[in-house]
Amino acid sequence: MNSTRNDTTNQRIERITTFHAIVGIDIAKDIHAAQITDFRGRTLMPRHCSFRNSEEGFEKLLHWIQEAGAKHGKTSFLVGMEPTGHYWFNLANWLLAQNIEVVLVNPVTTHRNKENRDNSPSKNDPKDALVIADVVSRGYYTDYVPQS
């Protein structure tokens with residue numbers, strides 16, 4: 001049976017349950033920004049999380065994600081990010097080692113959906129992270145499978 005693009009997108013959406021928190025991460029060279037939402041796109045934390053591209057920064061992100069999950073009864077996490085440059089590799093592989101699902105979002109999709117959140121094309125890292133989380137919640141992502 002052939003699968004259409006809509007079928008694939010619907011399967012990705014159905015994969016996200018009410019127990020999931022969706023984390024969107026805007027990747028940068030030194031400091032990343034993260035936002036966390038539920039499956040409907042409602043933000044779960046009042047502020048974004050800025051963290052360094054280092055193991056200490058990754059630990060800070062994990063603690064922030066777990067805190068939000070505990071506060072809102074979320075037991076599963078789906079982290080979405082744009083594969084820009086090479087800065088995302090270490091974070092994605094580290095998150096996988098922590099048993100957190102990682103998905104990738106096309107930067108063009110993020111750019112095109114920027115106005116959906118607040119009817120403004122403005123750009124800043126926390127907003128981009130929120131747009132990435134929204135795009136993931138609507139099923140527009142691909143799974144990250146590390147290469148050997």
# chains A, B, ... in the order shown; residues from 1 in each chain; ligands from 1
call {"tool": "residues_around", "arguments": {"residues": "Tyr144 (chain A)", "least_positions_apart": "3", "cutoff": "12 Å", "atoms": "only C-alpha atoms", "output": "VMD selection string"}}
result
chain A and resid 78 to 83 88 to 89 91 to 93 95 to 96 100 to 105 141 147
call {"tool": "write_last_selection", "arguments": {"atoms": "N, CA and C atoms", "output": "PDB file, in the first residue's frame"}}
result
ATOM      1  N   LEU A  78       9.912  15.056  23.160  1.00  0.00           N
ATOM      2  CA  LEU A  78      10.269  15.041  21.748  1.00  0.00           C
ATOM      3  C   LEU A  78      10.980  16.362  21.466  1.00  0.00           C
ATOM      4  N   VAL A  79      12.256  16.277  21.125  1.00  0.00           N
ATOM      5  CA  VAL A  79      13.065  17.469  20.917  1.00  0.00           C
ATOM      6  C   VAL A  79      13.253  17.686  19.428  1.00  0.00           C
ATOM      7  N   GLY A  80      12.880  18.863  18.959  1.00  0.00           N
ATOM      8  CA  GLY A  80      13.050  19.221  17.558  1.00  0.00           C
ATOM      9  C   GLY A  80      14.080  20.318  17.408  1.00  0.00           C
ATOM     10  N   MET A  81      14.870  20.231  16.344  1.00  0.00           N
ATOM     11  CA  MET A  81      15.885  21.250  16.066  1.00  0.00           C
ATOM     12  C   MET A  81      16.155  21.301  14.582  1.00  0.00           C
ATOM     13  N   GLU A  82      16.682  22.433  14.147  1.00  0.00           N
ATOM     14  CA  GLU A  82      17.100  22.568  12.753  1.00  0.00           C
ATOM     15  C   GLU A  82      18.531  22.052  12.622  1.00  0.00           C
ATOM     16  N   PRO A  83      18.807  21.245  11.623  1.00  0.00           N
ATOM     17  CA  PRO A  83      20.177  20.763  11.428  1.00  0.00           C
ATOM     18  C   PRO A  83      21.031  21.802  10.710  1.00  0.00           C
ATOM     19  N   TRP A  88      24.675  21.163  15.888  1.00  0.00           N
ATOM     20  CA  TRP A  88      23.605  20.388  16.491  1.00  0.00           C
ATOM     21  C   TRP A  88      23.993  18.942  16.758  1.00  0.00           C
ATOM     22  N   PHE A  89      25.056  18.450  16.125  1.00  0.00           N
ATOM     23  CA  PHE A  89      25.412  17.030  16.243  1.00  0.00           C
ATOM     24  C   PHE A  89      25.623  16.589  17.692  1.00  0.00           C
ATOM     25  N   LEU A  91      24.675  17.883  20.546  1.00  0.00           N
ATOM     26  CA  LEU A  91      23.448  17.941  21.336  1.00  0.00           C
ATOM     27  C   LEU A  91      22.512  16.795  20.972  1.00  0.00           C
ATOM     28  N   ALA A  92      22.298  16.568  19.695  1.00  0.00           N
ATOM     29  CA  ALA A  92      21.386  15.503  19.266  1.00  0.00           C
ATOM     30  C   ALA A  92      21.863  14.142  19.759  1.00  0.00           C
ATOM     31  N   ASN A  93      23.139  13.860  19.614  1.00  0.00           N
ATOM     32  CA  ASN A  93      23.666  12.564  20.059  1.00  0.00           C
ATOM     33  C   ASN A  93      23.630  12.441  21.575  1.00  0.00           C
ATOM     34  N   LEU A  95      21.418  13.899  23.581  1.00  0.00           N
ATOM     35  CA  LEU A  95      20.018  13.676  23.956  1.00  0.00           C
ATOM     36  C   LEU A  95      19.594  12.233  23.684  1.00  0.00           C
ATOM     37  N   LEU A  96      20.019  11.682  22.561  1.00  0.00           N
ATOM     38  CA  LEU A  96      19.702  10.279  22.272  1.00  0.00           C
ATOM     39  C   LEU A  96      20.287   9.363  23.334  1.00  0.00           C
ATOM     40  N   ILE A 100      16.107  10.430  24.940  1.00  0.00           N
ATOM     41  CA  ILE A 100      15.144  11.459  24.545  1.00  0.00           C
ATOM     42  C   ILE A 100      15.079  11.464  23.025  1.00  0.00           C
ATOM     43  N   GLU A 101      13.850  11.426  22.499  1.00  0.00           N
ATOM     44  CA  GLU A 101      13.661  11.405  21.051  1.00  0.00           C
ATOM     45  C   GLU A 101      14.081  12.738  20.440  1.00  0.00           C
ATOM     46  N   VAL A 102      14.795  12.651  19.319  1.00  0.00           N
ATOM     47  CA  VAL A 102      15.254  13.842  18.607  1.00  0.00           C
ATOM     48  C   VAL A 102      14.729  13.784  17.177  1.00  0.00           C
ATOM     49  N   VAL A 103      14.159  14.901  16.734  1.00  0.00           N
ATOM     50  CA  VAL A 103      13.687  15.011  15.359  1.00  0.00           C
ATOM     51  C   VAL A 103      14.270  16.280  14.753  1.00  0.00           C
ATOM     52  N   LEU A 104      14.313  16.311  13.432  1.00  0.00           N
ATOM     53  CA  LEU A 104      14.885  17.441  12.712  1.00  0.00           C
ATOM     54  C   LEU A 104      13.806  18.171  11.925  1.00  0.00           C
ATOM     55  N   VAL A 105      13.929  19.482  11.898  1.00  0.00           N
ATOM     56  CA  VAL A 105      12.965  20.344  11.209  1.00  0.00           C
ATOM     57  C   VAL A 105      13.706  21.091  10.104  1.00  0.00           C
ATOM     58  N   TYR A 141       8.376  17.077  10.513  1.00  0.00           N
ATOM     59  CA  TYR A 141       9.731  16.779  10.958  1.00  0.00           C
ATOM     60  C   TYR A 141      10.170  15.441  10.381  1.00  0.00           C
ATOM     61  N   GLN A 147      24.369   8.436  12.085  1.00  0.00           N
ATOM     62  CA  GLN A 147      25.156   7.615  11.157  1.00  0.00           C
ATOM     63  C   GLN A 147      26.382   7.100  11.881  1.00  0.00           C
TER      64      GLN A 147
END
call {"tool": "select_by_dssp", "arguments": {"residues": "region 16-136 of chain A", "states": "helix (DSSP H, G or I)", "output": "PyMOL selection string"}}
result
chain A and resi 55-72+89-97+107-112+114-118+125-136
call {"tool": "atom_distance", "arguments": {"atom1": "CA of Gly139 (chain A)", "atom2": "CA of Ser54 (chain A)"}}
result
28.8 Å
call {"tool": "residues_around", "arguments": {"residues": "Lys123 (chain A)", "least_positions_apart": "5", "cutoff": "10 Å", "atoms": "only C-alpha atoms", "output": "JSON list (two decimals) with C-alpha atoms, in the first residue's frame"}}
result
[["chain", "number", "residue", "atom", "x", "y", "z"],
["A", 111, "HIS", "CA", 11.10, 30.35, 8.16],
["A", 114, "LYS", "CA", 7.41, 32.23, 11.66],
["A", 115, "GLU", "CA", 4.35, 34.49, 11.32],
["A", 128, "ASP", "CA", 12.45, 30.52, 16.62]]
call {"tool": "atom_distance", "arguments": {"atom1": "CA of Ala33 (chain A)", "atom2": "CA of Gly69 (chain A)"}}
result
17.7 Å
call {"tool": "residues_around", "arguments": {"residues": "Leu44 (chain A)", "least_positions_apart": "5", "cutoff": "10 Å", "atoms": "only C-alpha atoms", "output": "ChimeraX atom specification"}}
result
/A:21-23,35-38,65,68-69,71-72
call {"tool": "closest_residue", "arguments": {"among": "A:Val136, A:Ala34, A:Ala97, A:Leu130", "to": "His20 (chain A)", "atoms": "only C-alpha atoms"}}
result
A:Val136
call {"tool": "residues_around", "arguments": {"residues": "Phe19 (chain A)", "least_positions_apart": "5", "cutoff": "9 Å", "atoms": "only C-alpha atoms", "output": "number ranges by chain"}}
result
A: 38-39, 69, 73-77
call {"tool": "write_last_selection", "arguments": {"atoms": "all heavy atoms", "output": "PDB file, in the first residue's frame"}}
result
ATOM      1  N   ASP A  38       3.214  21.811  25.058  1.00  0.00           N
ATOM      2  CA  ASP A  38       2.501  20.544  25.056  1.00  0.00           C
ATOM      3  C   ASP A  38       2.117  20.203  23.609  1.00  0.00           C
ATOM      4  O   ASP A  38       2.512  20.917  22.678  1.00  0.00           O
ATOM      5  CB  ASP A  38       1.285  20.590  25.971  1.00  0.00           C
ATOM      6  CG  ASP A  38       0.199  21.556  25.528  1.00  0.00           C
ATOM      7  OD1 ASP A  38       0.318  22.161  24.428  1.00  0.00           O
ATOM      8  OD2 ASP A  38      -0.779  21.721  26.272  1.00  0.00           O
ATOM      9  N   PHE A  39       1.352  19.140  23.417  1.00  0.00           N
ATOM     10  CA  PHE A  39       1.025  18.701  22.057  1.00  0.00           C
ATOM     11  C   PHE A  39       0.141  19.686  21.304  1.00  0.00           C
ATOM     12  O   PHE A  39       0.057  19.625  20.081  1.00  0.00           O
ATOM     13  CB  PHE A  39       0.388  17.307  22.082  1.00  0.00           C
ATOM     14  CG  PHE A  39      -1.030  17.294  22.602  1.00  0.00           C
ATOM     15  CD1 PHE A  39      -2.099  17.151  21.739  1.00  0.00           C
ATOM     16  CD2 PHE A  39      -1.290  17.425  23.963  1.00  0.00           C
ATOM     17  CE1 PHE A  39      -3.397  17.128  22.202  1.00  0.00           C
ATOM     18  CE2 PHE A  39      -2.583  17.403  24.443  1.00  0.00           C
ATOM     19  CZ  PHE A  39      -3.639  17.256  23.571  1.00  0.00           C
ATOM     20  N   GLY A  69       8.504  18.840  32.764  1.00  0.00           N
ATOM     21  CA  GLY A  69       7.731  17.604  32.674  1.00  0.00           C
ATOM     22  C   GLY A  69       7.080  17.239  33.992  1.00  0.00           C
ATOM     23  O   GLY A  69       5.898  16.873  34.042  1.00  0.00           O
ATOM     24  N   GLY A  73       3.105  17.031  34.349  1.00  0.00           N
ATOM     25  CA  GLY A  73       2.722  15.635  34.170  1.00  0.00           C
ATOM     26  C   GLY A  73       3.112  15.053  32.822  1.00  0.00           C
ATOM     27  O   GLY A  73       2.422  14.180  32.301  1.00  0.00           O
ATOM     28  N   LYS A  74       4.215  15.494  32.278  1.00  0.00           N
ATOM     29  CA  LYS A  74       4.698  14.976  30.986  1.00  0.00           C
ATOM     30  C   LYS A  74       5.789  13.938  31.253  1.00  0.00           C
ATOM     31  O   LYS A  74       6.730  14.202  31.998  1.00  0.00           O
ATOM     32  CB  LYS A  74       5.246  16.097  30.100  1.00  0.00           C
ATOM     33  CG  LYS A  74       4.275  17.236  29.868  1.00  0.00           C
ATOM     34  CD  LYS A  74       3.013  16.765  29.198  1.00  0.00           C
ATOM     35  CE  LYS A  74       2.043  17.912  28.982  1.00  0.00           C
ATOM     36  NZ  LYS A  74       0.738  17.458  28.575  1.00  0.00           N
ATOM     37  N   THR A  75       5.645  12.785  30.639  1.00  0.00           N
ATOM     38  CA  THR A  75       6.607  11.710  30.870  1.00  0.00           C
ATOM     39  C   THR A  75       7.456  11.396  29.646  1.00  0.00           C
ATOM     40  O   THR A  75       8.433  10.663  29.756  1.00  0.00           O
ATOM     41  CB  THR A  75       5.871  10.428  31.311  1.00  0.00           C
ATOM     42  OG1 THR A  75       4.885  10.106  30.325  1.00  0.00           O
ATOM     43  CG2 THR A  75       5.193  10.627  32.658  1.00  0.00           C
ATOM     44  N   SER A  76       7.089  11.930  28.499  1.00  0.00           N
ATOM     45  CA  SER A  76       7.853  11.710  27.269  1.00  0.00           C
ATOM     46  C   SER A  76       8.214  13.056  26.670  1.00  0.00           C
ATOM     47  O   SER A  76       7.455  14.019  26.781  1.00  0.00           O
ATOM     48  CB  SER A  76       7.034  10.916  26.250  1.00  0.00           C
ATOM     49  OG  SER A  76       6.716   9.645  26.758  1.00  0.00           O
ATOM     50  N   PHE A  77       9.371  13.085  26.011  1.00  0.00           N
ATOM     51  CA  PHE A  77       9.851  14.333  25.426  1.00  0.00           C
ATOM     52  C   PHE A  77      10.256  14.113  23.987  1.00  0.00           C
ATOM     53  O   PHE A  77      10.848  13.088  23.654  1.00  0.00           O
ATOM     54  CB  PHE A  77      11.045  14.876  26.229  1.00  0.00           C
ATOM     55  CG  PHE A  77      10.722  15.059  27.686  1.00  0.00           C
ATOM     56  CD1 PHE A  77      11.097  14.116  28.625  1.00  0.00           C
ATOM     57  CD2 PHE A  77      10.004  16.163  28.110  1.00  0.00           C
ATOM     58  CE1 PHE A  77      10.777  14.272  29.954  1.00  0.00           C
ATOM     59  CE2 PHE A  77       9.672  16.332  29.443  1.00  0.00           C
ATOM     60  CZ  PHE A  77      10.065  15.379  30.375  1.00  0.00           C
TER      61      PHE A  77
END
call {"tool": "closest_residue", "arguments": {"among": "A:Asn113, A:Ser148, A:Thr142, A:Thr43", "to": "Thr8 (chain A)", "atoms": "only C-alpha atoms"}}
result
A:Thr142
call {"tool": "residues_around", "arguments": {"residues": "His32 (chain A)", "least_positions_apart": "2", "cutoff": "6 Å", "atoms": "only C-alpha atoms", "output": "PyMOL selection string"}}
result
chain A and resi 26-28+50-51
call {"tool": "atom_distance", "arguments": {"atom1": "CA of Asn53 (chain A)", "atom2": "CA of Arg15 (chain A)"}}
result
28.7 Å
call {"tool": "residues_around", "arguments": {"residues": "Arg138 (chain A)", "least_positions_apart": "2", "cutoff": "8 Å", "atoms": "only C-alpha atoms", "output": "mmCIF file with C-alpha atoms, in the first residue's frame"}}
result
data_model
loop_
_atom_site.group_PDB
_atom_site.id
_atom_site.type_symbol
_atom_site.label_atom_id
_atom_site.label_comp_id
_atom_site.auth_asym_id
_atom_site.auth_seq_id
_atom_site.Cartn_x
_atom_site.Cartn_y
_atom_site.Cartn_z
ATOM 1 C CA THR A 9 2.287 13.580 8.537
ATOM 2 C CA ILE A 13 1.078 13.743 14.686
ATOM 3 C CA ASP A 134 4.985 24.240 16.764
ATOM 4 C CA VAL A 135 6.244 22.734 13.518
ATOM 5 C CA VAL A 136 7.071 19.480 15.319
ATOM 6 C CA TYR A 140 6.511 18.460 9.906
#
call {"tool": "closest_residue", "arguments": {"among": "A:Val145, A:Val131, A:Pro126, A:Lys29", "to": "Pro46 (chain A)", "atoms": "only C-alpha atoms"}}
result
A:Pro126
call {"tool": "closest_residue", "arguments": {"among": "A:Ala70, A:Ile25, A:Asp143, A:Ala133", "to": "Arg42 (chain A)", "atoms": "only C-alpha atoms"}}
result
A:Ala133
call {"tool": "select_by_dssp", "arguments": {"residues": "chain A", "states": "strand (DSSP E or B)", "output": "ChimeraX atom specification"}}
result
/A:20-26,31-37,43,49-52,76-81,101-104,142-143
call {"tool": "write_last_selection", "arguments": {"atoms": "N, CA, C and O atoms", "output": "short mmCIF file (atom, residue, chain, number, x, y, z; two decimals), in the first residue's frame"}}
result
data_model
loop_
_atom_site.label_atom_id
_atom_site.label_comp_id
_atom_site.auth_asym_id
_atom_site.auth_seq_id
_atom_site.Cartn_x
_atom_site.Cartn_y
_atom_site.Cartn_z
N HIS A 20 3.34 13.81 26.09
CA HIS A 20 4.55 14.36 25.49
C HIS A 20 4.68 15.86 25.77
O HIS A 20 3.70 16.59 25.75
N ALA A 21 5.91 16.26 25.98
CA ALA A 21 6.28 17.68 25.94
C ALA A 21 7.17 17.82 24.71
O ALA A 21 8.01 16.97 24.45
N ILE A 22 6.94 18.88 23.96
CA ILE A 22 7.71 19.10 22.74
C ILE A 22 8.67 20.26 23.00
O ILE A 22 8.25 21.34 23.41
N VAL A 23 9.93 19.99 22.76
CA VAL A 23 10.97 20.99 22.99
C VAL A 23 11.50 21.43 21.63
O VAL A 23 11.95 20.61 20.84
N GLY A 24 11.42 22.72 21.37
CA GLY A 24 12.01 23.29 20.16
C GLY A 24 13.31 23.97 20.55
O GLY A 24 13.36 24.70 21.53
N ILE A 25 14.36 23.69 19.79
CA ILE A 25 15.67 24.28 20.10
C ILE A 25 16.17 25.04 18.87
O ILE A 25 16.24 24.47 17.78
N ASP A 26 16.51 26.30 19.10
CA ASP A 26 17.14 27.10 18.07
C ASP A 26 18.65 26.95 18.26
O ASP A 26 19.19 27.36 19.29
N ILE A 31 25.48 29.59 22.10
CA ILE A 31 24.37 29.49 23.05
C ILE A 31 23.08 29.17 22.30
O ILE A 31 22.67 29.91 21.41
N HIS A 32 22.47 28.05 22.68
CA HIS A 32 21.21 27.61 22.08
C HIS A 32 20.05 28.15 22.92
O HIS A 32 20.22 28.48 24.09
N ALA A 33 18.86 28.21 22.31
CA ALA A 33 17.65 28.62 23.02
C ALA A 33 16.61 27.52 22.86
O ALA A 33 16.46 26.95 21.78
N ALA A 34 15.90 27.22 23.95
CA ALA A 34 14.88 26.16 23.93
C ALA A 34 13.57 26.70 24.49
O ALA A 34 13.55 27.52 25.40
N GLN A 35 12.49 26.19 23.91
CA GLN A 35 11.14 26.45 24.40
C GLN A 35 10.45 25.10 24.52
O GLN A 35 10.74 24.18 23.75
N ILE A 36 9.52 24.99 25.44
CA ILE A 36 8.82 23.72 25.65
C ILE A 36 7.31 23.95 25.62
O ILE A 36 6.81 24.91 26.21
N THR A 37 6.62 23.07 24.88
CA THR A 37 5.17 23.18 24.73
C THR A 37 4.53 21.81 24.95
O THR A 37 5.21 20.79 24.98
N THR A 43 2.67 26.83 25.73
CA THR A 43 3.97 26.84 26.40
C THR A 43 3.81 26.33 27.83
O THR A 43 2.84 26.64 28.51
N CYS A 49 14.80 28.60 27.81
CA CYS A 49 16.05 28.16 28.43
C CYS A 49 17.19 28.43 27.45
O CYS A 49 17.17 27.94 26.33
N SER A 50 18.15 29.22 27.88
CA SER A 50 19.36 29.44 27.11
C SER A 50 20.45 28.56 27.70
O SER A 50 20.60 28.52 28.93
N PHE A 51 21.20 27.87 26.85
CA PHE A 51 22.24 26.98 27.37
C PHE A 51 23.39 26.90 26.38
O PHE A 51 23.21 27.07 25.19
N ARG A 52 24.56 26.66 26.93
CA ARG A 52 25.78 26.60 26.14
C ARG A 52 25.88 25.30 25.36
O ARG A 52 25.28 24.30 25.74
N SER A 76 7.09 11.93 28.50
CA SER A 76 7.85 11.71 27.27
C SER A 76 8.21 13.06 26.67
O SER A 76 7.46 14.02 26.78
N PHE A 77 9.37 13.08 26.01
CA PHE A 77 9.85 14.33 25.43
C PHE A 77 10.26 14.11 23.99
O PHE A 77 10.85 13.09 23.65
N LEU A 78 9.91 15.06 23.16
CA LEU A 78 10.27 15.04 21.75
C LEU A 78 10.98 16.36 21.47
O LEU A 78 10.38 17.43 21.59
N VAL A 79 12.26 16.28 21.13
CA VAL A 79 13.06 17.47 20.92
C VAL A 79 13.25 17.69 19.43
O VAL A 79 13.73 16.79 18.72
N GLY A 80 12.88 18.86 18.96
CA GLY A 80 13.05 19.22 17.56
C GLY A 80 14.08 20.32 17.41
O GLY A 80 14.18 21.21 18.26
N MET A 81 14.87 20.23 16.34
CA MET A 81 15.89 21.25 16.07
C MET A 81 16.16 21.30 14.58
O MET A 81 15.86 20.35 13.86
N GLU A 101 13.85 11.43 22.50
CA GLU A 101 13.66 11.41 21.05
C GLU A 101 14.08 12.74 20.44
O GLU A 101 13.75 13.80 20.96
N VAL A 102 14.80 12.65 19.32
CA VAL A 102 15.25 13.84 18.61
C VAL A 102 14.73 13.78 17.18
O VAL A 102 14.83 12.75 16.52
N VAL A 103 14.16 14.90 16.73
CA VAL A 103 13.69 15.01 15.36
C VAL A 103 14.27 16.28 14.75
O VAL A 103 14.67 17.20 15.47
N LEU A 104 14.31 16.31 13.43
CA LEU A 104 14.89 17.44 12.71
C LEU A 104 13.81 18.17 11.92
O LEU A 104 12.91 17.55 11.36
N THR A 142 11.46 15.17 10.52
CA THR A 142 12.00 13.85 10.17
C THR A 142 12.74 13.32 11.38
O THR A 142 13.30 14.09 12.18
N ASP A 143 12.73 12.01 11.52
CA ASP A 143 13.45 11.40 12.65
C ASP A 143 14.94 11.53 12.44
O ASP A 143 15.43 11.45 11.31
#
